[in-house]
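As provided, model07.cif (mmCIF, C-alpha atoms) reads as follows.
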data_final
#
loop_
_atom_site.label_atom_id
_atom_site.label_comp_id
_atom_site.auth_asym_id
_atom_site.auth_seq_id
_atom_site.Cartn_x
_atom_site.Cartn_y
_atom_site.Cartn_z
CA MET A 1 -105.42 -129.93 21.19
CA ARG A 2 -105.37 -133.38 22.69
CA THR A 3 -102.28 -135.54 22.24
CA ASP A 4 -102.67 -139.24 21.63
CA GLY A 5 -100.86 -140.97 24.46
CA GLY A 6 -101.38 -144.49 23.12
CA PRO A 7 -97.85 -145.00 21.72
CA TRP A 8 -96.25 -143.74 24.92
CA LEU A 9 -98.48 -145.94 27.06
CA ARG A 10 -97.55 -149.01 25.01
CA ALA A 11 -93.87 -148.10 25.20
CA ALA A 12 -94.18 -147.73 28.98
CA VAL A 13 -95.76 -151.18 29.17
CA LEU A 14 -92.84 -152.62 27.19
CA VAL A 15 -90.29 -150.99 29.51
CA LEU A 16 -92.24 -152.19 32.55
CA LEU A 17 -92.31 -155.76 31.24
CA LEU A 18 -88.53 -155.70 30.70
CA LEU A 19 -87.90 -154.33 34.18
CA VAL A 20 -90.22 -156.85 35.83
CA GLY A 21 -88.61 -159.71 33.91
CA LEU A 22 -85.12 -158.57 34.89
CA ALA A 23 -86.16 -158.17 38.54
CA LEU A 24 -87.65 -161.67 38.63
CA VAL A 25 -84.55 -163.23 37.07
CA LEU A 26 -82.28 -161.45 39.56
CA THR A 27 -84.34 -162.13 42.69
CA LEU A 28 -85.90 -165.58 42.29
CA ASP A 29 -83.97 -168.50 43.74
CA LEU A 30 -83.18 -171.05 41.04
CA PRO A 31 -83.27 -174.78 41.91
CA SER A 32 -80.02 -176.70 41.97
CA VAL A 33 -78.78 -178.59 38.94
CA HIS A 34 -79.38 -181.95 40.62
CA ALA A 35 -82.94 -180.97 41.55
CA VAL A 36 -83.74 -179.96 37.96
CA ARG A 37 -82.24 -183.19 36.61
CA ARG A 38 -84.32 -185.30 39.00
CA TRP A 39 -87.43 -183.35 38.06
CA LEU A 40 -86.78 -183.79 34.34
CA ASP A 41 -86.23 -187.53 34.78
CA GLY A 42 -89.59 -187.89 36.50
CA ALA A 43 -91.66 -185.44 34.47
CA GLY A 44 -91.11 -186.89 31.00
CA GLY A 45 -92.08 -184.91 27.92
CA ALA A 46 -94.08 -182.37 29.91
CA GLY A 47 -90.97 -181.54 31.92
CA TRP A 48 -88.92 -180.84 28.80
CA ALA A 49 -91.72 -178.69 27.38
CA ALA A 50 -91.86 -176.76 30.65
CA LEU A 51 -88.08 -176.27 30.51
CA VAL A 52 -88.39 -174.80 27.00
CA VAL A 53 -91.17 -172.43 28.11
CA GLY A 54 -89.29 -171.38 31.24
CA THR A 55 -86.09 -170.75 29.31
CA THR A 56 -88.04 -168.74 26.74
CA LEU A 57 -89.49 -166.50 29.46
CA ILE A 58 -86.04 -165.99 30.99
CA LEU A 59 -84.57 -165.01 27.62
CA LEU A 60 -87.28 -162.38 27.16
CA ALA A 61 -85.62 -160.48 30.00
CA PRO A 62 -82.46 -158.48 29.22
CA VAL A 63 -80.11 -161.17 30.53
CA PRO A 64 -77.00 -162.69 28.90
CA ARG A 65 -78.16 -165.57 26.68
CA THR A 66 -74.71 -167.14 26.88
CA ALA A 67 -75.00 -167.71 30.64
CA VAL A 68 -78.50 -169.19 30.28
CA THR A 69 -77.46 -171.49 27.44
CA VAL A 70 -74.38 -172.73 29.27
CA LEU A 71 -76.59 -173.50 32.29
CA ILE A 72 -78.98 -175.47 30.07
CA GLY A 73 -75.99 -177.52 28.92
CA VAL A 74 -75.03 -178.23 32.52
CA VAL A 75 -78.57 -179.29 33.40
CA ALA A 76 -79.60 -181.26 30.31
CA GLY A 77 -76.41 -182.39 28.60
CA PHE A 78 -75.38 -181.61 25.05
CA TRP A 79 -78.05 -182.85 22.65
CA PRO A 80 -81.12 -182.35 24.87
CA GLY A 81 -79.68 -179.02 25.98
CA PHE A 82 -78.98 -177.99 22.40
CA PHE A 83 -82.57 -178.62 21.33
CA VAL A 84 -84.01 -176.93 24.43
CA ALA A 85 -81.76 -173.89 24.11
CA SER A 86 -82.32 -173.62 20.34
CA ALA A 87 -86.11 -173.83 20.63
CA ALA A 88 -86.25 -171.42 23.56
CA SER A 89 -83.92 -168.93 21.90
CA PHE A 90 -85.93 -168.91 18.68
CA LEU A 91 -89.24 -168.54 20.53
CA ALA A 92 -87.82 -165.75 22.69
CA ALA A 93 -86.42 -163.98 19.63
CA ALA A 94 -89.81 -164.13 17.90
CA ALA A 95 -91.72 -163.01 21.01
CA ALA A 96 -89.32 -160.13 21.71
CA PHE A 97 -89.64 -158.95 18.12
CA GLY A 98 -93.44 -159.03 18.38
CA LEU A 99 -93.48 -157.21 21.72
CA SER A 100 -91.20 -154.41 20.58
CA ARG A 101 -92.96 -154.07 17.22
CA GLY A 102 -96.40 -153.94 18.82
CA LEU A 103 -95.59 -151.88 21.93
CA GLY A 104 -92.58 -149.75 21.10
CA ARG A 105 -92.49 -149.12 17.36
CA ALA A 106 -95.02 -146.27 17.33
CA ALA A 107 -93.24 -144.34 20.09
CA VAL A 108 -89.85 -144.75 18.38
CA THR A 109 -91.37 -143.57 15.10
CA ARG A 110 -92.58 -140.38 16.76
CA LEU A 111 -89.24 -139.77 18.45
CA ALA A 112 -86.95 -140.51 15.51
CA GLY A 113 -89.08 -139.24 12.63
CA ASN A 114 -87.23 -138.99 9.33
CA ARG A 115 -84.09 -140.61 10.72
CA LEU A 116 -86.02 -143.81 11.43
CA ALA A 117 -87.57 -143.66 7.95
CA ARG A 118 -84.09 -143.60 6.39
CA LEU A 119 -83.03 -146.52 8.56
CA ASP A 120 -86.18 -148.42 7.60
CA ASN A 121 -85.40 -147.90 3.91
CA LEU A 122 -81.86 -149.16 4.46
CA LEU A 123 -82.96 -152.26 6.34
CA GLY A 124 -85.96 -153.02 4.18
CA ASP A 125 -83.86 -154.97 1.68
CA ARG A 126 -80.93 -155.79 3.98
CA GLY A 127 -82.74 -157.03 7.06
CA PHE A 128 -81.57 -160.62 6.67
CA VAL A 129 -77.88 -159.68 6.44
CA ALA A 130 -78.15 -157.13 9.26
CA VAL A 131 -79.76 -159.62 11.65
CA LEU A 132 -77.42 -162.44 10.61
CA VAL A 133 -74.32 -160.34 11.30
CA ALA A 134 -75.76 -159.08 14.59
CA ARG A 135 -76.48 -162.65 15.72
CA LEU A 136 -72.98 -163.84 14.77
CA LEU A 137 -71.23 -160.88 16.36
CA PRO A 138 -71.28 -160.46 20.17
CA VAL A 139 -74.37 -158.23 20.08
CA PRO A 140 -76.54 -158.89 23.17
CA PHE A 141 -79.40 -161.23 22.33
CA ALA A 142 -82.11 -158.96 23.77
CA VAL A 143 -80.71 -155.88 22.03
CA CYS A 144 -80.89 -157.57 18.63
CA SER A 145 -84.32 -159.09 19.29
CA TYR A 146 -86.05 -156.00 20.62
CA GLY A 147 -84.08 -153.61 18.42
CA ALA A 148 -85.11 -155.40 15.21
CA GLY A 149 -88.74 -154.96 16.20
CA LEU A 150 -88.28 -151.23 16.74
CA VAL A 151 -86.75 -150.61 13.31
CA GLY A 152 -87.91 -151.61 9.84
CA VAL A 153 -86.67 -155.21 9.70
CA ARG A 154 -89.41 -157.43 8.28
CA LEU A 155 -90.51 -160.49 10.23
CA ARG A 156 -89.68 -163.21 7.71
CA PRO A 157 -86.03 -162.18 7.07
CA TYR A 158 -85.60 -161.64 10.80
CA LEU A 159 -86.80 -165.14 11.69
CA LEU A 160 -84.81 -166.74 8.87
CA ALA A 161 -81.56 -164.99 9.84
CA THR A 162 -82.14 -165.89 13.48
CA ALA A 163 -82.74 -169.55 12.60
CA VAL A 164 -79.54 -169.63 10.51
CA ALA A 165 -77.28 -167.85 12.99
CA LEU A 166 -78.31 -169.26 16.37
CA PRO A 167 -77.31 -172.96 16.09
CA ALA A 168 -73.52 -172.39 15.90
CA GLY A 169 -73.30 -170.21 19.01
CA THR A 170 -75.84 -172.38 20.83
CA ALA A 171 -73.79 -175.52 20.16
CA VAL A 172 -70.64 -173.89 21.52
CA GLN A 173 -72.34 -172.59 24.66
CA VAL A 174 -74.27 -175.78 25.40
CA GLY A 175 -71.11 -177.79 24.75
CA VAL A 176 -69.23 -175.77 27.35
CA GLY A 177 -71.99 -176.36 29.89
CA ALA A 178 -72.40 -180.06 29.09
CA SER A 179 -68.67 -180.67 29.47
CA ALA A 180 -68.37 -178.66 32.70
CA ALA A 181 -68.28 -181.78 34.85
CA LEU A 182 -65.60 -183.28 32.63
CA PHE A 183 -63.49 -180.14 32.91
CA VAL A 184 -63.86 -180.13 36.69
CA SER A 185 -62.87 -183.77 36.98
CA GLY A 186 -60.10 -183.36 34.41
CA ARG A 187 -61.44 -186.07 32.10
CA ALA A 188 -62.30 -186.09 28.39
CA ALA A 189 -61.98 -182.35 27.83
CA PHE A 190 -60.86 -183.13 24.31
CA THR A 191 -64.34 -184.31 23.25
CA ALA A 192 -66.15 -180.95 23.52
CA LEU A 193 -63.27 -178.54 23.02
CA PRO A 194 -62.60 -179.29 19.32
CA LEU A 195 -66.31 -178.93 18.56
CA ALA A 196 -66.47 -175.56 20.33
CA VAL A 197 -63.33 -174.28 18.62
CA GLY A 198 -64.46 -175.51 15.20
CA LEU A 199 -67.90 -173.90 15.44
CA ALA A 200 -66.42 -170.66 16.73
CA LEU A 201 -64.01 -170.66 13.77
CA LEU A 202 -66.87 -171.22 11.34
CA GLY A 203 -68.77 -168.29 12.86
CA TRP A 204 -65.70 -166.06 12.58
CA LEU A 205 -65.19 -167.04 8.92
CA ALA A 206 -68.86 -166.33 8.18
CA VAL A 207 -68.56 -162.84 9.65
CA ARG A 208 -65.39 -162.18 7.63
CA ALA A 209 -67.14 -163.34 4.47
CA TRP A 210 -70.09 -161.02 5.03
CA ARG A 211 -67.84 -158.05 5.77
CA ARG A 212 -65.40 -158.58 2.88
CA PRO A 213 -65.70 -155.73 0.38
CA GLU A 214 -66.50 -156.43 -3.24
CA PRO A 215 -63.46 -156.30 -5.57
CA VAL A 216 -63.17 -153.11 -7.59
CA VAL A 217 -63.04 -153.71 -11.31
CA ASP A 218 -60.85 -151.30 -13.30
CA SER A 219 -62.90 -150.43 -16.38
CA HIS A 220 -59.80 -148.95 -18.13
CA ALA A 221 -58.00 -152.28 -17.87
CA GLN A 222 -60.77 -154.07 -19.74
CA GLY A 223 -60.92 -154.04 -23.49
#
Conversion result in structure tokens:
Amino acid sequence: MRTDGGPWLRAAVLVLLLLVGLALVLTLDLPSVHAVRRWLDGAGGAGWAALVVGTTLILLAPVPRTAVTVLIGVVAGFWPGFFVASAASFLAAAAAFGLSRGLGRAAVTRLAGNRLARLDNLLGDRGFVAVLVARLLPVPFAVCSYGAGLVGVRLRPYLLATAVALPAGTAVQVGVGASAALFVSGRAAFTALPLAVGLALLGWLAVRAWRRPEPVVDSHAQG
């Protein structure tokens, strides 16, 4: 009896793409910050679009998003860096979800069987909350993006939760990168630090609110 190898072939392609992306990120020589700034100044809108596309491709590899986002802040400054990092992160999150859903989902279904079905049922109605909490907690960006595609999280709640959760962390990380020169020179550190602390506090409060248990109502005390 012949076994269909299609799911395993697609899963192998997904793993190969991740390994190739990681190898390229680790081996390619990146241009200096000053070189990128000069290139952006001369390239205009096309340069910024290319920076978004390049950052998106980098974030598809299993690399720390925090390091990439901080570097974008160093290169582009706060507001341009925030928009570049936000757009690239969202595009990478959507692309990673699509890759893992299209290439890896079938193989995981065969491996996990009924256990995956139970997880799918659990996440079917709670996908938004699960993704939101994962994005706010220090879960690696690639793990959340590719993992959501492998399990039963639906696309629309996934994208909505990603869009809601990413801006706070992105602002903190880009702010750290944009103020790096100020920290080095010892000037105006107070401009970015309160923003970073405030956004981090808001993220922590949001996580606490989601994790707070519902109050138990004593039915005997009523009436």
For Ala61 (chain A), find every residue with an atom within 9 Å (counting only C-alpha atoms), except residues of its own chain fewer than 3 positions away, and show them as a count of residues only. 13
Result set, the PyMOL selection byres ((chain A and resi 45-53) around 9) on current file, as a PyMOL selection string: chain A and resi 39-44+54-58+80+83-85+87-89+91
Can those selected residues be exported to a file as an mmCIF file, in the frame of the given file so that it contains C-alpha atoms?
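Result saved to part_24.cif:
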data_model
loop_
_atom_site.group_PDB
_atom_site.id
_atom_site.type_symbol
_atom_site.label_atom_id
_atom_site.label_comp_id
_atom_site.auth_asym_id
_atom_site.auth_seq_id
_atom_site.Cartn_x
_atom_site.Cartn_y
_atom_site.Cartn_z
ATOM 1 C CA TRP A 39 -87.430 -183.350 38.060
ATOM 2 C CA LEU A 40 -86.780 -183.790 34.340
ATOM 3 C CA ASP A 41 -86.230 -187.530 34.780
ATOM 4 C CA GLY A 42 -89.590 -187.890 36.500
ATOM 5 C CA ALA A 43 -91.660 -185.440 34.470
ATOM 6 C CA GLY A 44 -91.110 -186.890 31.000
ATOM 7 C CA GLY A 54 -89.290 -171.380 31.240
ATOM 8 C CA THR A 55 -86.090 -170.750 29.310
ATOM 9 C CA THR A 56 -88.040 -168.740 26.740
ATOM 10 C CA LEU A 57 -89.490 -166.500 29.460
ATOM 11 C CA ILE A 58 -86.040 -165.990 30.990
ATOM 12 C CA PRO A 80 -81.120 -182.350 24.870
ATOM 13 C CA PHE A 83 -82.570 -178.620 21.330
ATOM 14 C CA VAL A 84 -84.010 -176.930 24.430
ATOM 15 C CA ALA A 85 -81.760 -173.890 24.110
ATOM 16 C CA ALA A 87 -86.110 -173.830 20.630
ATOM 17 C CA ALA A 88 -86.250 -171.420 23.560
ATOM 18 C CA SER A 89 -83.920 -168.930 21.900
ATOM 19 C CA LEU A 91 -89.240 -168.540 20.530
#
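Put simply, CA of Gly98 (chain A) is 25.9 Å away from CA of Val70 (chain A).
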Starting from the PyMOL selection byres ((chain A and resi 170-172) around 7), expand the selection into actual residues of this file and give them as a PyMOL selection string. chain A and resi 69+82+85-86+166-169+173-176+196+199
Check what the PyMOL selection byres ((chain A and resi 146) around 9) selects in the file above and give those residues as a compact mmCIF listing (two decimals) with C-alpha atoms, keeping the file's coordinate frame.
# COMPACT_ATOMS: atom_id res chain seq x y z
CA ALA A 93 -86.42 -163.98 19.63
CA ALA A 96 -89.32 -160.13 21.71
CA PHE A 97 -89.64 -158.95 18.12
CA GLY A 98 -93.44 -159.03 18.38
CA LEU A 99 -93.48 -157.21 21.72
CA SER A 100 -91.20 -154.41 20.58
CA ARG A 101 -92.96 -154.07 17.22
CA PHE A 141 -79.40 -161.23 22.33
CA ALA A 142 -82.11 -158.96 23.77
CA VAL A 143 -80.71 -155.88 22.03
CA CYS A 144 -80.89 -157.57 18.63
CA SER A 145 -84.32 -159.09 19.29
CA GLY A 147 -84.08 -153.61 18.42
CA ALA A 148 -85.11 -155.40 15.21
CA GLY A 149 -88.74 -154.96 16.20
CA LEU A 150 -88.28 -151.23 16.74
Rounded to one decimal, what separation in Å do you get between CA of Ser32 (chain A) and CA of Phe78 (chain A)? 18.2 Å
Enter the distance from CA of Pro7 (chain A) to CA of Val108 (chain A), in Å, rounded to one decimal. 8.7 Å
Check the smallest atom-to-atom distance from each of A:Ile72, A:Val133, A:Val13, A:Ala117 to Tyr158 (chain A) using only C-alpha atoms, then report the winner. A:Val133
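The closest residue to Val75 (chain A), picked from A:Pro31, A:Gly6, A:Gly124, A:Pro157 and counting all atoms listed in the file, is A:Pro31.
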